[in-house]
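Visitor: If it helps, the file is called work.cif and holds mmCIF, C-alpha atoms and all ligand atoms:
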data_data
#
loop_
_atom_site.label_atom_id
_atom_site.label_comp_id
_atom_site.auth_asym_id
_atom_site.auth_seq_id
_atom_site.Cartn_x
_atom_site.Cartn_y
_atom_site.Cartn_z
CA MET A 596 -2.39 -4.42 0.34
CA ARG A 597 -4.40 -1.32 1.30
CA ILE A 598 -5.80 0.64 -1.64
CA THR A 599 -7.56 3.96 -1.23
CA VAL A 600 -9.47 5.42 -4.16
CA LEU A 601 -10.18 9.16 -4.36
CA SER A 602 -12.80 9.66 -7.06
CA GLY A 603 -14.33 12.69 -8.72
CA ALA A 604 -17.06 13.33 -11.25
CA GLY A 605 -15.00 11.77 -14.05
CA ILE A 606 -15.58 8.22 -12.79
CA SER A 607 -19.34 8.70 -13.23
CA ALA A 608 -19.08 10.51 -16.59
CA GLU A 609 -19.24 7.23 -18.56
CA SER A 610 -22.42 6.31 -16.68
CA GLY A 611 -24.05 9.40 -18.13
CA VAL A 612 -23.73 11.70 -15.10
CA PRO A 613 -22.30 14.98 -16.43
CA THR A 614 -19.10 16.08 -14.66
CA PHE A 615 -19.53 19.17 -12.56
CA ARG A 616 -17.60 21.49 -14.82
CA ASP A 617 -19.00 20.38 -18.11
CA ASP A 618 -22.56 19.74 -17.05
CA LYS A 619 -24.19 21.52 -19.95
CA ASN A 620 -27.55 20.10 -18.97
CA GLY A 621 -29.78 22.44 -20.90
CA LEU A 622 -31.99 24.18 -18.37
CA TRP A 623 -29.25 25.12 -15.94
CA SER A 624 -26.33 25.45 -18.34
CA ARG A 625 -26.72 29.23 -18.45
CA PHE A 626 -26.16 29.43 -14.69
CA ASP A 627 -22.72 29.44 -13.14
CA PRO A 628 -22.46 26.09 -11.27
CA TYR A 629 -21.24 28.03 -8.22
CA GLU A 630 -24.59 29.87 -8.35
CA LEU A 631 -26.34 26.52 -7.97
CA SER A 632 -23.99 25.04 -5.35
CA SER A 633 -23.63 27.81 -2.79
CA VAL A 634 -25.53 29.12 0.21
CA GLN A 635 -25.87 32.46 -1.56
CA GLY A 636 -27.41 30.79 -4.61
CA TRP A 637 -29.81 28.90 -2.34
CA GLN A 638 -30.81 32.03 -0.45
CA ARG A 639 -31.31 33.94 -3.72
CA ASN A 640 -33.37 31.25 -5.44
CA PRO A 641 -34.09 28.05 -3.44
CA GLU A 642 -36.53 26.82 -6.12
CA ARG A 643 -33.83 26.87 -8.84
CA VAL A 644 -31.25 25.16 -6.63
CA TRP A 645 -33.82 22.58 -5.53
CA GLY A 646 -34.83 21.98 -9.19
CA TRP A 647 -31.20 21.30 -10.19
CA TYR A 648 -30.49 18.89 -7.35
CA LEU A 649 -33.82 17.13 -7.64
CA TRP A 650 -33.18 16.59 -11.37
CA ARG A 651 -29.75 15.10 -10.67
CA HIS A 652 -31.25 12.97 -7.85
CA TYR A 653 -33.66 11.43 -10.35
CA LEU A 654 -31.05 11.29 -13.16
CA VAL A 655 -28.68 9.20 -11.03
CA GLY A 656 -31.52 6.75 -10.39
CA THR A 657 -31.80 6.14 -14.15
CA VAL A 658 -28.10 5.36 -14.80
CA GLU A 659 -25.88 2.40 -13.87
CA PRO A 660 -22.39 2.05 -12.40
CA ASN A 661 -19.81 1.60 -15.17
CA ALA A 662 -16.81 -0.72 -15.54
CA GLY A 663 -14.74 1.76 -13.54
CA HIS A 664 -17.01 1.58 -10.48
CA ARG A 665 -17.22 -2.20 -10.82
CA ALA A 666 -13.44 -2.59 -11.05
CA VAL A 667 -12.96 -0.62 -7.82
CA ALA A 668 -15.54 -2.84 -6.10
CA ALA A 669 -13.82 -6.01 -7.42
CA TRP A 670 -10.49 -4.95 -5.88
CA GLN A 671 -12.11 -5.73 -2.53
CA ASP A 672 -11.69 -9.44 -3.28
CA HIS A 673 -7.91 -9.15 -3.10
CA ALA A 674 -7.15 -6.05 -1.04
CA GLU A 675 -8.43 -3.78 1.72
CA VAL A 676 -10.13 -0.97 -0.26
CA SER A 677 -11.49 2.37 0.98
CA VAL A 678 -13.33 4.68 -1.40
CA VAL A 679 -13.27 8.42 -0.76
CA THR A 680 -15.47 10.28 -3.23
CA GLN A 681 -16.25 13.90 -4.06
CA ASN A 682 -19.27 12.63 -5.95
CA VAL A 683 -22.78 12.89 -4.64
CA ASP A 684 -24.12 9.94 -6.63
CA ASP A 685 -24.44 6.39 -5.23
CA LEU A 686 -22.75 4.54 -8.10
CA HIS A 687 -19.79 3.29 -6.03
CA GLU A 688 -22.22 1.79 -3.51
CA ARG A 689 -24.38 0.26 -6.22
CA ALA A 690 -21.27 -1.33 -7.77
CA GLY A 691 -20.56 -2.97 -4.39
CA SER A 692 -17.90 -0.75 -2.82
CA SER A 693 -17.92 -0.36 0.95
CA PRO A 694 -16.97 1.80 2.79
CA VAL A 695 -17.62 4.87 0.63
CA HIS A 696 -16.77 8.15 2.31
CA HIS A 697 -18.70 11.05 0.74
CA LEU A 698 -16.74 14.26 1.26
CA HIS A 699 -19.36 16.45 -0.40
CA GLY A 700 -22.56 14.71 0.74
CA SER A 701 -25.12 12.78 -1.26
CA LEU A 702 -28.01 13.42 -3.66
CA PHE A 703 -30.00 10.97 -1.54
CA ASP A 704 -29.78 12.82 1.75
CA PHE A 705 -31.80 15.93 2.60
CA ARG A 706 -32.07 18.13 5.68
CA CYS A 707 -33.82 21.25 6.90
CA ALA A 708 -31.85 24.40 6.00
CA THR A 709 -32.97 25.99 9.27
CA CYS A 710 -33.03 23.33 12.01
CA ASP A 711 -30.70 20.81 10.27
CA LEU A 712 -33.11 17.92 10.98
CA PRO A 713 -32.67 15.13 8.40
CA TYR A 714 -35.63 15.01 6.01
CA THR A 715 -37.09 11.61 5.16
CA GLY A 716 -40.44 12.78 3.80
CA GLN A 717 -41.86 12.70 0.31
CA LEU A 718 -39.94 14.32 -2.57
CA PRO A 719 -41.72 16.14 -5.39
CA GLN A 720 -41.95 13.81 -8.41
CA MET A 721 -39.89 14.93 -11.44
CA THR A 722 -40.12 13.14 -14.78
CA GLU A 723 -38.75 16.07 -16.80
CA PRO A 724 -36.20 18.66 -15.73
CA ALA A 725 -37.99 21.72 -14.34
CA LEU A 726 -35.97 24.87 -13.87
CA GLU A 727 -37.53 25.77 -10.52
CA VAL A 728 -39.29 23.48 -8.02
CA GLU A 729 -40.66 24.47 -4.62
CA PRO A 730 -38.61 22.69 -1.91
CA PRO A 731 -40.62 20.76 0.72
CA GLY A 732 -41.11 22.52 4.07
CA CYS A 733 -39.94 21.41 7.51
CA ASP A 734 -42.26 21.40 10.55
CA CYS A 735 -40.05 24.17 11.97
CA GLY A 736 -41.03 26.37 9.03
CA GLY A 737 -37.64 26.04 7.30
CA LEU A 738 -37.05 24.77 3.75
CA ILE A 739 -35.63 21.33 2.96
CA ARG A 740 -32.23 21.46 1.18
CA PRO A 741 -29.95 18.80 -0.28
CA ASP A 742 -27.52 17.42 2.33
CA ILE A 743 -24.65 18.36 0.05
CA VAL A 744 -21.59 20.48 0.86
CA TRP A 745 -21.92 23.79 -0.99
CA PHE A 746 -19.01 26.04 -1.85
CA GLY A 747 -17.90 27.85 1.27
CA GLU A 748 -19.36 25.22 3.60
CA ALA A 749 -17.29 22.95 5.81
CA LEU A 750 -16.93 19.27 4.93
CA PRO A 751 -18.64 16.78 7.28
CA GLU A 752 -16.13 16.02 10.06
CA GLY A 753 -16.61 12.23 10.12
CA PRO A 754 -16.11 11.54 6.40
CA TRP A 755 -13.15 13.95 6.31
CA GLN A 756 -11.39 12.25 9.22
CA ARG A 757 -11.99 8.83 7.67
CA ALA A 758 -10.70 10.12 4.31
CA VAL A 759 -7.48 11.37 5.91
CA GLU A 760 -7.09 8.06 7.74
CA ALA A 761 -7.69 6.07 4.53
CA THR A 762 -5.16 8.27 2.68
CA THR A 763 -2.42 8.10 5.30
CA THR A 764 -2.68 4.33 5.77
CA ALA A 765 -2.89 3.40 2.07
CA ASP A 766 -0.15 1.50 0.24
CA VAL A 767 -1.57 2.84 -3.02
CA LEU A 768 -3.79 5.90 -3.62
CA VAL A 769 -5.69 5.78 -6.92
CA VAL A 770 -6.95 9.27 -7.87
CA VAL A 771 -9.53 8.93 -10.61
CA GLY A 772 -11.72 11.41 -12.45
CA THR A 773 -11.00 14.58 -10.54
CA SER A 774 -9.69 17.93 -11.76
CA GLY A 775 -7.93 18.35 -8.42
CA LEU A 776 -9.13 21.94 -8.16
CA VAL A 777 -11.28 21.85 -5.05
CA TYR A 778 -9.76 21.78 -1.55
CA PRO A 779 -9.59 20.28 0.97
CA ALA A 780 -10.26 17.11 -1.10
CA ALA A 781 -7.47 18.04 -3.52
CA GLY A 782 -5.09 18.10 -0.54
CA LEU A 783 -5.45 14.35 0.03
CA PRO A 784 -3.20 13.32 -2.92
CA GLU A 785 -0.64 15.90 -1.75
CA LEU A 786 -0.67 14.23 1.68
CA ALA A 787 -0.03 10.85 0.05
CA VAL A 788 2.78 12.18 -2.15
CA ALA A 789 4.44 13.78 0.88
CA ARG A 790 4.33 10.40 2.67
CA GLY A 791 5.89 8.57 -0.25
CA THR A 792 2.71 6.58 -0.95
CA VAL A 793 2.34 5.25 -4.50
CA VAL A 794 -0.11 7.70 -6.15
CA VAL A 795 -1.71 6.60 -9.42
CA GLU A 796 -3.71 9.20 -11.33
CA VAL A 797 -6.33 8.03 -13.85
CA ASN A 798 -7.58 10.88 -16.01
CA PRO A 799 -7.69 11.45 -19.79
CA GLU A 800 -6.58 15.05 -19.11
CA PRO A 801 -3.61 16.44 -17.17
CA THR A 802 -4.34 17.96 -13.77
CA PRO A 803 -2.29 19.80 -11.11
CA LEU A 804 -1.58 16.38 -9.58
CA SER A 805 -0.11 14.88 -12.76
CA SER A 806 3.44 16.14 -12.21
CA SER A 807 3.71 14.76 -8.68
CA ALA A 808 1.81 11.46 -9.10
CA THR A 809 3.96 8.32 -9.14
CA VAL A 810 2.13 7.19 -12.29
CA THR A 811 -0.34 9.01 -14.53
CA VAL A 812 -2.61 6.89 -16.72
CA ARG A 813 -4.06 9.06 -19.51
CA GLU A 814 -7.13 6.88 -20.00
CA SER A 815 -10.79 6.98 -19.02
CA ALA A 816 -11.85 5.28 -15.80
CA SER A 817 -13.73 2.44 -17.48
CA THR A 818 -10.71 1.72 -19.71
CA ALA A 819 -7.97 1.98 -17.10
CA LEU A 820 -9.45 0.61 -13.87
CA PRO A 821 -10.39 -2.98 -14.87
CA THR A 822 -6.75 -3.86 -15.63
CA LEU A 823 -4.97 -1.30 -13.44
CA MET A 824 -3.95 -3.63 -10.62
CA GLN A 825 -2.49 -6.20 -13.00
CA ARG A 826 -0.65 -3.45 -14.89
CA LEU A 827 0.57 -1.64 -11.77
CA PRO A 828 3.92 -3.47 -11.36
CA ALA A 829 4.86 -2.74 -14.99
CA LEU A 830 3.60 0.85 -14.67
CA LEU A 831 5.76 1.38 -11.59
CA ASN A 832 8.97 0.03 -13.18
N1 LIG B 1 -12.59 8.97 -16.81
C1 LIG B 1 -11.73 9.59 -15.95
N2 LIG B 1 -11.70 10.93 -15.77
C2 LIG B 1 -12.55 11.67 -16.51
C3 LIG B 1 -13.47 11.10 -17.43
C4 LIG B 1 -13.45 9.69 -17.57
N3 LIG B 1 -14.27 9.07 -18.43
N4 LIG B 1 -14.19 12.12 -18.01
C5 LIG B 1 -13.74 13.27 -17.46
N5 LIG B 1 -12.76 13.01 -16.58
C6 LIG B 1 -12.00 13.95 -15.74
C7 LIG B 1 -11.83 15.32 -16.35
O1 LIG B 1 -10.65 15.37 -17.14
C8 LIG B 1 -11.69 16.18 -15.08
O2 LIG B 1 -10.32 16.25 -14.69
O3 LIG B 1 -12.76 14.13 -14.57
C9 LIG B 1 -12.47 15.41 -14.02
C10 LIG B 1 -13.79 16.06 -13.65
O4 LIG B 1 -13.46 17.27 -13.01
P1 LIG B 1 -14.64 18.13 -12.33
O5 LIG B 1 -15.79 18.23 -13.27
O6 LIG B 1 -13.96 19.35 -11.80
O7 LIG B 1 -15.14 17.22 -11.13
P2 LIG B 1 -14.47 17.05 -9.71
O8 LIG B 1 -12.99 17.04 -9.80
O9 LIG B 1 -15.12 15.86 -9.11
O10 LIG B 1 -14.95 18.37 -8.93
C11 LIG B 1 -14.58 18.41 -7.57
O11 LIG B 1 -15.82 20.39 -7.14
O12 LIG B 1 -17.29 20.76 -8.63
C12 LIG B 1 -17.18 20.69 -7.27
O13 LIG B 1 -18.21 19.72 -5.38
C13 LIG B 1 -17.99 19.56 -6.75
O14 LIG B 1 -17.28 17.37 -6.06
C14 LIG B 1 -17.05 18.40 -7.00
C15 LIG B 1 -15.69 19.03 -6.77
#
Starting from the file, give its structure as structure tokens.
Ligand code: APR
Guide:
Amino acid sequence: MRITVLSGAGISAESGVPTFRDDKNGLWSRFDPYELSSVQGWQRNPERVWGWYLWRHYLVGTVEPNAGHRAVAAWQDHAEVSVVTQNVDDLHERAGSSPVHHLHGSLFDFRCATCDLPYTGQLPQMTEPALEVEPPGCDCGGLIRPDIVWFGEALPEGPWQRAVEATTTADVLVVVGTSGLVYPAAGLPELAVARGTVVVEVNPEPTPLSSSATVTVRESASTALPTLMQRLPALLN
């Protein structure tokens, strides 16, 4: 059986990584998240944007994958599993999932905002959140930015193509921990529904996908995912 998982911030919430829309992490909570995840926000205040991403880069290093991530990785023992994630953390990988297609980039990749060269140099140390941090410089004179897809930017072609392929060849699409508000990622479940693929939504809250999903499981990821495959036949009847 081929299972494709489309995950969002909700699968990492129980690991202690705030979801995008309720990340009330003190220092930056007064800023509109779009202000911190857009080219305009970067151009207006690169130090603030860099501070926010650097803090989350370090935060993710201090947390662990949860039972939801581990369940998805364990499915690989019995099925062909592809993970497509909107998340920029590495918790799926650290739980053992492979491949993991990152639609919105990663907190662990950086590049020059001017010449696009990948940056593998030193990062400023950060033990406490600091509102603004000077980004490192590139030899070309540009500033180093997170290699993350900001609002208004195109998704990386490779991961997107692989995500569409994983969605259109899946027997089951499990959509977990996403509000389903951001396209084109939110279009993947619609593609699966249109093809008659079994679509299972796992989310404690309703989303725009809930009405068209084959099954909606109103539970958290770490509660639902460990037993989901055993429960699936009963859920589908
Ligand atoms: N288990 C499962 N789902 C959860 C849990 C949990 N423990 N906790 C919260 N959720 C759900 C919420 O109900 C919500 O529907 O996770 C979803 C989180 O939604 P968002 O914060 O909007 O995150 P996401 O859907 O990943 O955002 C998509 O938009 O914010 C940008 O680029 C950013 O990748 C992000 C994209």
Visitor: To one decimal place in Å, what is the distance between CA of Arg826 (chain A) and CA of Val810 (chain A)?
Guide: 11.3 Å
Visitor: Neighbours of ligand LIG 1 (chain B) at 7 Å or closer, counting only C-alpha atoms and all ligand atoms: which residues, as a PyMOL selection string?
Guide: chain A and resi 602-606+608-609+614-617+681-682+699+771-777+797-800+802+814-817
Visitor: Sort by chain and increasing residue number a table of all residues of region 687-793 of chain A within 10 Å of region 632-655 of chain A, each with its closest pair of atoms and their distance in Å to one decimal, counting all atoms listed in the file, and write it as a tab-separated table.
Guide:
residue	atom	partner	partner_atom	distance
A:Ser701	CA	A:His652	CA	9.0
A:Leu702	CA	A:His652	CA	5.3
A:Phe703	CA	A:His652	CA	6.7
A:Asp704	CA	A:His652	CA	9.7
A:Ala708	CA	A:Trp637	CA	9.7
A:Leu718	CA	A:Leu649	CA	8.4
A:Pro719	CA	A:Leu649	CA	8.3
A:Gln720	CA	A:Leu649	CA	8.8
A:Met721	CA	A:Trp650	CA	6.9
A:Thr722	CA	A:Tyr653	CA	8.0
A:Glu723	CA	A:Trp650	CA	7.8
A:Pro724	CA	A:Trp650	CA	5.7
A:Ala725	CA	A:Gly646	CA	6.0
A:Leu726	CA	A:Gly646	CA	5.6
A:Glu727	CA	A:Arg643	CA	4.2
A:Val728	CA	A:Glu642	CA	4.7
A:Glu729	CA	A:Glu642	CA	5.0
A:Pro730	CA	A:Trp645	CA	6.0
A:Pro731	CA	A:Trp645	CA	9.4
A:Leu738	CA	A:Pro641	CA	8.4
A:Ile739	CA	A:Trp645	CA	8.8
A:Arg740	CA	A:Trp645	CA	7.0
A:Pro741	CA	A:Tyr648	CA	7.1
A:Ile743	CA	A:Ser632	CA	8.6
A:Val744	CA	A:Ser632	CA	8.1
A:Trp745	CA	A:Ser633	CA	4.7
A:Phe746	CA	A:Ser633	CA	5.0
A:Gly747	CA	A:Ser633	CA	7.0
A:Glu748	CA	A:Val634	CA	8.0
Visitor: Could you check which of A:Ser677, A:Thr792, A:Ser805, A:Thr715 is closest to Ala758 (chain A), using only C-alpha atoms?
Guide: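 Smallest distance to Ala758 (chain A) is found for A:Ser677.
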Visitor: Between A:Val793, A:Ala668, A:Cys733, A:Ala829, single out the one closest to Thr762 (chain A), counting all atoms listed in the file.
Guide: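 Ranking A:Val793, A:Ala668, A:Cys733, A:Ala829 by distance to Thr762 (chain A), first place goes to A:Val793.
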Visitor: Could you pull the residues within 12 Å of Gly791 (chain A), counting all atoms listed in the file, minus those fewer than 6 positions along the same chain, as a PyMOL selection string?
Guide: chain A and resi 762-768+784-785+807-809
Visitor: For a test of reading the model, state the distance in Å between CA of Asp627 (chain A) and CA of Pro613 (chain A), rounded to one decimal.
Guide: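 Computing it gives 14.8 Å between the two atoms.
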Visitor: Mind pulling up the distance from CA of Ser610 (chain A) to CA of Pro828 (chain A)?
Guide: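 The value is 28.6 Å.
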Visitor: Show me, as a list in words, the residues that have an atom within 7 Å of Leu686 (chain A) when counting only C-alpha atoms, minus same-chain residues fewer than 3 positions from it.
Guide: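 Here the answer would be Glu659, Pro660, His664, Arg689 and Ala690 of chain A.
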Visitor: Just checking: using all atoms listed in the file, which residue out of A:Leu823, A:Ala789, A:Val812, A:Val770 ends up closest to Trp670 (chain A)?
Guide: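 Closest candidate: A:Leu823.
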